[in-house]
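Novice: Okay, here's the structure, questions in a sec.
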Amino acid sequence: MVRCGDKVNCKIAELQPLRAEPEDIPLDIVYEDEHVLVVNKPADMVVHPAPGNASGTLVNGILYHCSLPTMVSLPQPSPEEDVLSEEDDDEEVIAYPSEASVRPGIVHRLDKGTSGLLVVAKDAHSHAHLAEQFKNRTIKRVYVSLTCGVPSPDSGRVEIPIGRDLNNRIRMAAFPPSASGKGKTRYAASKYKTIEILANGGSALVEWRLETGRTHQIRVHAKYLGVPLLGDELYGGTKGMATSSILPRVPTSFHGSLQRLISSVLERPCLHAFSLGFIHPYTLENMHFSRLPPPDFAEILNQLREISTIKVT
């Protein structure tokens with residue numbers, strides 16, 4: 001405990017260069033040609049190296065896959081880290097990297113815990129073309145999530161600015177126009193649609209379409225709607241919240257299996273980048289890809305469906 005009059009000595013170390021070295025990491029390549037690469041990123045994989053995540057990233061795997069050399073640069077804060085930078089609540093497009101960058105070809109990010117589709121550029125023209133599509137909001141992105149509770153109404157559009165949480169620097173927050181003392185915020189808009197009501201209303205399968213790409217946007221807007229994502233410890237979808245949201249609504253015969261599922265399988269936000277569409281930078285062809293959620297998401301979804309499911313039309 002620091003008290004008035006205490007003298008505090010501290011030493012701040014200089015930033016050490018980040019190294020992105022090629023690593024033989026299995027990648028789920030959905031599509032590849034000489035200009036672009038579409039990857040199905042697993043949950044718990046960081047997109048690019050950052051302090052605390054120097055290896056095992058998607059970039060490390062891409063360097064190996066594309067036979068590229070080690071990249072070295074000074075570290076820059078990113079949304080993948082525990083501390084967000086001042087710029088992180090901007091669009092998730094990343095400028096084309098220099099030769100000294102540790103983000104070769106990365107156009108946009110997915111959170112560490114989010115699984116799903118991500119496009120990578122193999123050259124400067126492809127990167128600039130894709131970045132312009134993100135800037136103009138013509139990239140087609142559809143996400144699916146499992147929520148604590150059911151959104152009300154069951155579909156709609158959330159147009160609420162997002163900024164840094166004033167009480168927790170590692171978290172973002174939604175700031176309605178009426179909010180006071182909100183600091184710097186950025187415009188953010190998400191469309192959502194409930195696909196299925198699960199477990200007697202204890203959860204829902206929800207589709208999201210992004211109009212903007214702010215840091216943690218879906219997670220923040222879901223919390224604003226009062227239905228945080230299952231497994232999202234940072235935004236209220238804790239294991240305790242999942243238990244209290246689902247168990248009271250289901251027969252006791254399901255309690256044991258659900259508690260096991262929540263305690264051992266629910267280890268990340270249930271959010272998956274389901275589909276991705278863009279115009280090819282060279283051929284100008286409309287490209288569209290989709291991938292079903294991974295086994296952990298599917299196991300939870302199937303268990304909730306076994307209790308009850310109602311399709312929302």
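Residues are named by chain letter and number: chains run A, B, ... in the order of the structure tokens, numbers start at 1 in each chain, and ligands are numbered from 1 in the order shown.
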Quick check for you: according to DSSP on this backbone, which residues of range 209-303 of chain A are classed as strand (DSSP E)? Reply as a list in words.
Specialist: Arg209, Leu210, Leu271, His272, Ala273, Phe274, Ser275, Leu276, Gly277, Phe278, Ile279, Asn286, Met287, His288, Phe289 and Ser290 of chain A
Novice: Using the selection just defined, write its residues with C-alpha atoms as a PDB file, in the first residue's frame.
Specialist:
```
ATOM      1  CA  ARG A 209     -22.728  -7.790 -39.403  1.00  0.00           C
ATOM      2  CA  LEU A 210     -20.179  -5.060 -38.827  1.00  0.00           C
ATOM      3  CA  LEU A 271     -17.420 -15.491 -31.173  1.00  0.00           C
ATOM      4  CA  HIS A 272     -16.543 -16.757 -34.651  1.00  0.00           C
ATOM      5  CA  ALA A 273     -15.840 -14.867 -37.898  1.00  0.00           C
ATOM      6  CA  PHE A 274     -18.139 -17.029 -39.993  1.00  0.00           C
ATOM      7  CA  SER A 275     -17.881 -15.478 -43.464  1.00  0.00           C
ATOM      8  CA  LEU A 276     -15.719 -12.999 -45.345  1.00  0.00           C
ATOM      9  CA  GLY A 277     -16.290 -11.373 -48.713  1.00  0.00           C
ATOM     10  CA  PHE A 278     -14.102  -8.985 -50.693  1.00  0.00           C
ATOM     11  CA  ILE A 279     -13.127  -7.977 -54.221  1.00  0.00           C
ATOM     12  CA  ASN A 286     -16.084 -11.136 -55.902  1.00  0.00           C
ATOM     13  CA  MET A 287     -14.572 -13.583 -53.438  1.00  0.00           C
ATOM     14  CA  HIS A 288     -16.640 -15.142 -50.644  1.00  0.00           C
ATOM     15  CA  PHE A 289     -15.637 -17.676 -48.016  1.00  0.00           C
ATOM     16  CA  SER A 290     -17.296 -19.228 -44.982  1.00  0.00           C
TER      17      SER A 290
END
```
Novice: Using only C-alpha atoms, which residues sit within 9 Å of Arg219 in chain A once same-chain residues fewer than 3 positions away are excluded, as a list in words?
Specialist: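 The filter keeps His216, Ala222, Lys223, Tyr224, Pro228, Leu229, Asp232, Leu234, Tyr235, Pro269 and Leu271 of chain A.
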Novice: Hey, what's within 8 Å of range 238-247 of chain A if we count only C-alpha atoms and toss same-chain stuff fewer than 3 positions away? As a ChimeraX atom specification, please?
Specialist: /A:148-149,199,201-203,230-235,250-252,255,258-259,262-263,266
Novice: Could you tell me how far CA of Ala43 in chain A lies from CA of Asn167 in chain A, in Å and to one decimal?
Specialist: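 These two atoms are separated by 27.3 Å.
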Novice: So the first atom is CA of Asp165 in chain A and the second is CA of Trp208 in chain A; what is the distance between them in Å, to one decimal place?
Specialist: 22.5 Å
Novice: Using only C-alpha atoms, which of A:Ile12, A:Leu27, A:Met1, A:Val36 sits nearest Thr283 in chain A?
Specialist: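 Result for the nearest residue to Thr283 in chain A: A:Val36.
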Novice: If you run DSSP on this backbone, which residues of range 210-290 of chain A come out as helix (DSSP H, G or I), and could you give them as an MDAnalysis selection string?
Specialist: chainID A and resid 217:224 233:235 239:249 252:264
Novice: Using only C-alpha atoms, determine which residues lie at most 9 Å from Val30 in chain A, disregarding the query and same-chain residues fewer than 5 positions distant; provide the list as a list in words.
Specialist: Leu37, Val38, Val39, Asn40, Leu117, Phe289, Ser290 and Arg291 of chain A
Novice: Which one of A:Arg19, A:His129, A:His280, A:Arg268 sits closest to Thr114 in chain A if you count only C-alpha atoms?
Specialist: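 Using only C-alpha atoms, Thr114 in chain A sits closest to A:Arg268.
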Novice: If we count only C-alpha atoms, what is near Leu68 in chain A at a cut-off of 12 Å, once residues fewer than 4 positions away on the same chain are taken out, given as a ChimeraX atom specification?
Specialist: /A:20-23,59-64,99,102,104-105,122
Novice: Now that the selection is made, can you save its residues with C-alpha atoms as an mmCIF file, in the first residue's frame?
Specialist:
```cif
data_model
loop_
_atom_site.group_PDB
_atom_site.id
_atom_site.type_symbol
_atom_site.label_atom_id
_atom_site.label_comp_id
_atom_site.auth_asym_id
_atom_site.auth_seq_id
_atom_site.Cartn_x
_atom_site.Cartn_y
_atom_site.Cartn_z
ATOM 1 C CA ALA A 20 8.948 -12.327 -35.909
ATOM 2 C CA GLU A 21 10.657 -15.560 -36.847
ATOM 3 C CA PRO A 22 9.254 -18.179 -39.226
ATOM 4 C CA GLU A 23 7.649 -21.023 -37.283
ATOM 5 C CA VAL A 59 2.407 -13.983 -38.572
ATOM 6 C CA ASN A 60 5.043 -16.495 -37.433
ATOM 7 C CA GLY A 61 3.139 -19.214 -39.282
ATOM 8 C CA ILE A 62 2.686 -17.061 -42.399
ATOM 9 C CA LEU A 63 6.418 -16.260 -42.543
ATOM 10 C CA TYR A 64 7.175 -19.986 -42.579
ATOM 11 C CA GLU A 99 10.460 -4.170 -44.423
ATOM 12 C CA VAL A 102 6.548 -7.674 -37.748
ATOM 13 C CA PRO A 104 3.823 -8.626 -42.973
ATOM 14 C CA GLY A 105 0.649 -8.696 -45.044
ATOM 15 C CA LYS A 122 0.991 -10.884 -50.179
#
```
